[in-house]
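To be precise, the following lines are input18.txt, and they hold compact mmCIF, C-alpha atoms.
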```txt
# COMPACT_ATOMS: atom_id res chain seq x y z
CA MET P 1 16.30 38.36 -16.94
CA SER P 2 17.62 34.85 -17.55
CA GLU P 3 21.22 34.05 -16.74
CA LEU P 4 23.29 30.97 -17.47
CA PHE P 5 24.09 28.77 -14.45
CA THR P 6 26.11 25.62 -14.01
CA LEU P 7 25.51 22.98 -11.39
CA ILE P 8 27.53 19.87 -10.53
CA VAL P 9 25.56 17.28 -8.63
CA GLU P 10 26.63 13.81 -7.47
CA LEU P 11 24.15 11.08 -8.41
CA GLU P 12 23.84 7.48 -7.32
CA ASP P 13 24.40 5.04 -10.18
CA LYS P 14 20.86 3.74 -10.46
CA PRO P 15 18.00 4.18 -12.93
CA GLY P 16 15.96 7.40 -12.78
CA GLN P 17 18.46 9.57 -10.91
CA LEU P 18 19.15 11.93 -13.82
CA LEU P 19 15.45 12.44 -14.44
CA ARG P 20 14.89 13.18 -10.73
CA VAL P 21 17.54 15.90 -10.75
CA LEU P 22 16.18 17.50 -13.95
CA GLU P 23 12.54 17.71 -12.81
CA PRO P 24 13.01 20.58 -10.28
CA ILE P 25 14.83 22.60 -12.93
CA ALA P 26 11.97 22.26 -15.41
CA ARG P 27 9.27 22.67 -12.74
CA ASN P 28 10.79 26.00 -11.62
CA GLY P 29 11.11 27.48 -15.10
CA GLY P 30 14.73 26.61 -15.80
CA ASN P 31 15.72 25.85 -19.38
CA ILE P 32 18.34 23.09 -19.63
CA VAL P 33 21.14 24.04 -22.01
CA GLY P 34 23.46 21.07 -21.56
CA ILE P 35 24.20 17.98 -19.52
CA PHE P 36 27.62 16.37 -19.17
CA HIS P 37 28.24 13.19 -17.26
CA GLN P 38 30.85 10.48 -17.36
CA ARG P 39 29.39 7.28 -16.07
CA GLY P 40 32.83 5.74 -15.66
CA LYS P 41 34.10 8.56 -13.46
CA LYS P 42 33.11 8.04 -9.81
CA THR P 43 33.52 10.39 -6.87
CA PRO P 44 34.98 9.28 -3.51
CA LEU P 45 31.37 8.59 -2.41
CA ASN P 46 31.04 6.19 -5.39
CA ARG P 47 28.63 8.55 -7.17
CA ILE P 48 28.60 9.98 -10.69
CA PRO P 49 29.29 13.72 -11.07
CA VAL P 50 26.85 15.34 -13.50
CA GLU P 51 27.29 18.89 -14.77
CA ILE P 52 24.08 20.63 -15.79
CA SER P 53 23.92 24.04 -17.47
CA PHE P 54 20.61 25.87 -17.45
CA THR P 55 19.14 29.33 -17.85
CA ALA P 56 16.81 30.93 -15.32
CA ASP P 57 16.45 34.21 -13.47
CA SER P 58 18.40 34.41 -10.20
CA ARG P 59 15.34 33.93 -7.98
CA ARG P 60 14.26 30.77 -9.80
CA ALA P 61 17.82 29.42 -9.83
CA GLU P 62 18.03 29.78 -6.05
CA LYS P 63 14.71 27.94 -5.67
CA ILE P 64 15.98 25.15 -7.95
CA VAL P 65 19.11 24.73 -5.84
CA GLU P 66 17.10 24.76 -2.59
CA GLU P 67 14.91 21.93 -3.90
CA LEU P 68 17.84 19.92 -5.19
CA GLN P 69 19.78 20.22 -1.92
CA LYS P 70 16.99 18.38 -0.14
CA GLU P 71 17.69 15.20 -2.12
CA PHE P 72 21.10 15.50 -3.79
CA LEU P 73 24.69 16.38 -3.00
CA ILE P 74 25.49 19.57 -4.91
CA ARG P 75 29.22 19.88 -5.37
CA GLN P 76 29.22 23.21 -7.20
CA PHE P 77 26.76 25.89 -8.28
CA GLY P 78 27.23 29.30 -9.85
CA LYS P 79 26.81 31.59 -12.79
CA LEU P 80 28.66 30.38 -15.81
CA ARG P 81 31.44 32.67 -16.83
CA THR P 82 30.99 33.92 -20.34
CA ALA P 83 34.51 34.15 -21.79
CA VAL P 84 36.92 31.22 -22.13
CA ILE P 85 40.39 30.75 -23.58
CA SER P 86 42.77 27.79 -23.63
CA LEU P 87 46.50 28.27 -24.06
CA LEU P 88 49.55 26.08 -24.29
CA LEU P 89 52.50 26.84 -22.01
CA ILE P 90 55.89 25.40 -22.98
CA GLY P 91 58.98 25.48 -20.80
CA HIS P 92 59.83 24.57 -17.25
CA VAL P 93 56.22 25.06 -16.20
CA ILE P 94 56.47 22.84 -13.11
CA HIS P 95 59.93 23.94 -12.00
CA THR P 96 58.95 27.63 -12.08
CA ASP P 97 56.19 27.03 -9.53
CA LEU P 98 52.97 26.35 -11.39
CA SER P 99 50.85 27.08 -8.31
CA ASP P 100 52.38 30.58 -8.14
CA THR P 101 51.47 31.17 -11.79
CA ILE P 102 47.87 30.12 -11.22
CA LYS P 103 47.52 32.16 -8.01
CA ARG P 104 48.76 35.25 -9.83
CA VAL P 105 46.26 34.82 -12.68
CA ASP P 106 43.20 34.03 -10.53
CA ASN P 107 41.10 36.90 -9.21
CA SER P 108 37.44 37.82 -8.82
CA GLU P 109 37.03 38.41 -12.57
CA ALA P 110 38.94 35.45 -14.04
CA GLU P 111 40.31 32.10 -12.98
CA CYS P 112 42.17 29.04 -14.20
CA VAL P 113 39.59 26.26 -14.40
CA GLU P 114 41.46 23.45 -16.11
CA LEU P 115 45.07 22.39 -16.33
CA ILE P 116 46.60 19.46 -18.18
CA VAL P 117 50.34 19.02 -17.68
CA THR P 118 52.80 16.81 -19.51
CA MET P 119 56.28 16.38 -18.07
CA PRO P 120 58.31 13.97 -20.21
CA GLU P 121 61.44 13.89 -18.02
CA ARG P 122 62.45 15.58 -14.80
CA ASP P 123 64.96 18.04 -16.29
CA GLU P 124 63.22 18.55 -19.64
CA PRO P 125 60.74 21.30 -20.48
CA SER P 126 57.13 20.49 -19.69
CA THR P 127 53.93 21.59 -21.38
CA ALA P 128 50.65 22.65 -19.87
CA MET P 129 47.32 23.37 -21.46
CA ILE P 130 45.58 25.93 -19.28
CA THR P 131 41.98 27.09 -19.60
CA ILE P 132 40.93 30.43 -18.17
CA THR P 133 37.35 31.65 -17.79
CA ALA P 134 36.24 35.18 -17.05
CA LYS P 135 33.12 37.24 -16.42
CA SER P 136 33.63 39.25 -19.61
CA ARG P 137 35.78 39.41 -22.72
CA GLU P 138 37.63 42.40 -21.26
CA ALA P 139 38.37 40.54 -18.00
CA LEU P 140 39.62 37.59 -20.05
CA GLU P 141 41.95 39.87 -22.02
CA ARG P 142 43.33 41.31 -18.76
CA ALA P 143 43.90 37.79 -17.37
CA LEU P 144 45.62 36.79 -20.61
CA GLU P 145 47.95 39.79 -20.43
CA ARG P 146 48.69 38.97 -16.77
CA LEU P 147 49.53 35.36 -17.71
CA LYS P 148 51.77 36.47 -20.60
CA GLY P 149 53.69 38.77 -18.24
CA ILE P 150 54.15 36.01 -15.66
CA CYS P 151 55.30 33.55 -18.33
CA LYS P 152 57.76 36.06 -19.82
CA GLU P 153 59.21 36.58 -16.34
CA LYS P 154 59.58 32.80 -15.90
CA GLY P 155 60.89 32.07 -19.42
CA ILE P 156 57.79 30.13 -20.52
CA LEU P 157 56.52 30.28 -24.11
CA VAL P 158 52.78 30.97 -24.48
CA LEU P 159 50.97 29.66 -27.57
CA GLU P 160 47.51 31.13 -27.89
CA PRO P 161 44.72 30.52 -28.31
CA ILE P 162 44.06 26.81 -28.62
CA ASN P 163 40.36 27.58 -28.92
CA ASP P 164 38.97 30.50 -30.92
CA GLU P 165 37.08 32.38 -28.19
CA ILE P 166 39.16 35.52 -27.94
```
Take the structure from the file and write it as structure tokens.
Amino acid sequence: MSELFTLIVELEDKPGQLLRVLEPIARNGGNIVGIFHQRGKKTPLNRIPVEISFTADSRRAEKIVEELQKEFLIRQFGKLRTAVISLLLIGHVIHTDLSDTIKRVDNSEAECVELIVTMPERDEPSTAMITITAKSREALERALERLKGICKEKGILVLEPINDEI
């Protein structure tokens, strides 16, 4: 049974690198779903991070990663979580310990994967767009309820959803 995987690999900024990283995926029966790379964004090793999503069965995905590790630096690999929601938090997001909020939401079923914070002035309310992914729609709903409870406790307004996943 095919599953959806995501892989982040660091590539040197020279011709042919993207093709070289895609060949083992195709050769081992993987089906590329998407590629995202920002040529202007460099890693500390002066390489370009490229995110590749592909489908394959678990055995083939492991073989793909084994082949890629021989030639490339793989920064991240795993099954893609299937449910996603983005929310806007308004209030003293930073002053109420943002790291505590994230730690309390994250678990084995769901996690905060992106956070964009705007803090106009030190004593003014801040805003944060937070994106949560989960293994299932039900796990995402539980994480959302957990986040709402935490935000109520901290006096933070939750506007949801920014996307239309849930």
* To do: Using all atoms listed in the file, pick whichever of P:Leu7, P:Ala26, P:Ile130, P:Leu140 has the shortest atom-to-atom distance to Thr101 (chain P).
  =>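 Closest residue, counting all atoms listed in the file: P:Ile130.
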* Figure out the distance between CA of Met129 (chain P) and CA of Glu153 (chain P), please, to one decimal in Å. => 18.5 Å
* Return the single residue from P:Glu51, P:Glu145, P:Glu138, P:Glu62 that is closest to Glu109 (chain P), with distances computed using only C-alpha atoms. =>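 Among P:Glu51, P:Glu145, P:Glu138, P:Glu62, it is P:Glu138 that comes nearest to Glu109 (chain P).
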Can you check which parts of region 11-76 of chain P lie within 12 Å of region 80-96 of chain P? Per residue, the shortest pair of atoms and distance in Å to one decimal, counting all atoms listed in the file, sorted by chain and number, as JSON lines.
```
{"residue": "P:Val33", "atom": "CA", "partner": "P:Leu80", "partner_atom": "CA", "distance": 11.6}
{"residue": "P:Glu51", "atom": "CA", "partner": "P:Leu80", "partner_atom": "CA", "distance": 11.6}
{"residue": "P:Ile52", "atom": "CA", "partner": "P:Leu80", "partner_atom": "CA", "distance": 10.8}
{"residue": "P:Ser53", "atom": "CA", "partner": "P:Leu80", "partner_atom": "CA", "distance": 8.1}
{"residue": "P:Phe54", "atom": "CA", "partner": "P:Leu80", "partner_atom": "CA", "distance": 9.4}
{"residue": "P:Thr55", "atom": "CA", "partner": "P:Leu80", "partner_atom": "CA", "distance": 9.8}
{"residue": "P:Ala56", "atom": "CA", "partner": "P:Leu80", "partner_atom": "CA", "distance": 11.9}
{"residue": "P:Gln76", "atom": "CA", "partner": "P:Leu80", "partner_atom": "CA", "distance": 11.2}
```
* Take CA of Leu144 (chain P) and CA of Phe5 (chain P) and report the distance between them in Å, one decimal. => 23.8 Å
* To one decimal place, how far is CA of Ile25 (chain P) from CA of Glu67 (chain P) in Å? -> 9.1 Å
* Quick one: everything within 8 Å of Pro49 (chain P), counting only C-alpha atoms, minus sequence neighbours fewer than 2 positions away in the same chain. Send it as a list in words. => Ile8, Val9, Glu10, Leu11, His37, Gln38, Lys41, Lys42, Thr43, Arg47 and Glu51 of chain P
* From P:Arg104, P:Arg39, P:Lys135, P:Lys14, residue lying nearest Leu147 (chain P) [all atoms listed in the file] ->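 Checking each candidate against Leu147 (chain P), we get P:Arg104 as the closest.
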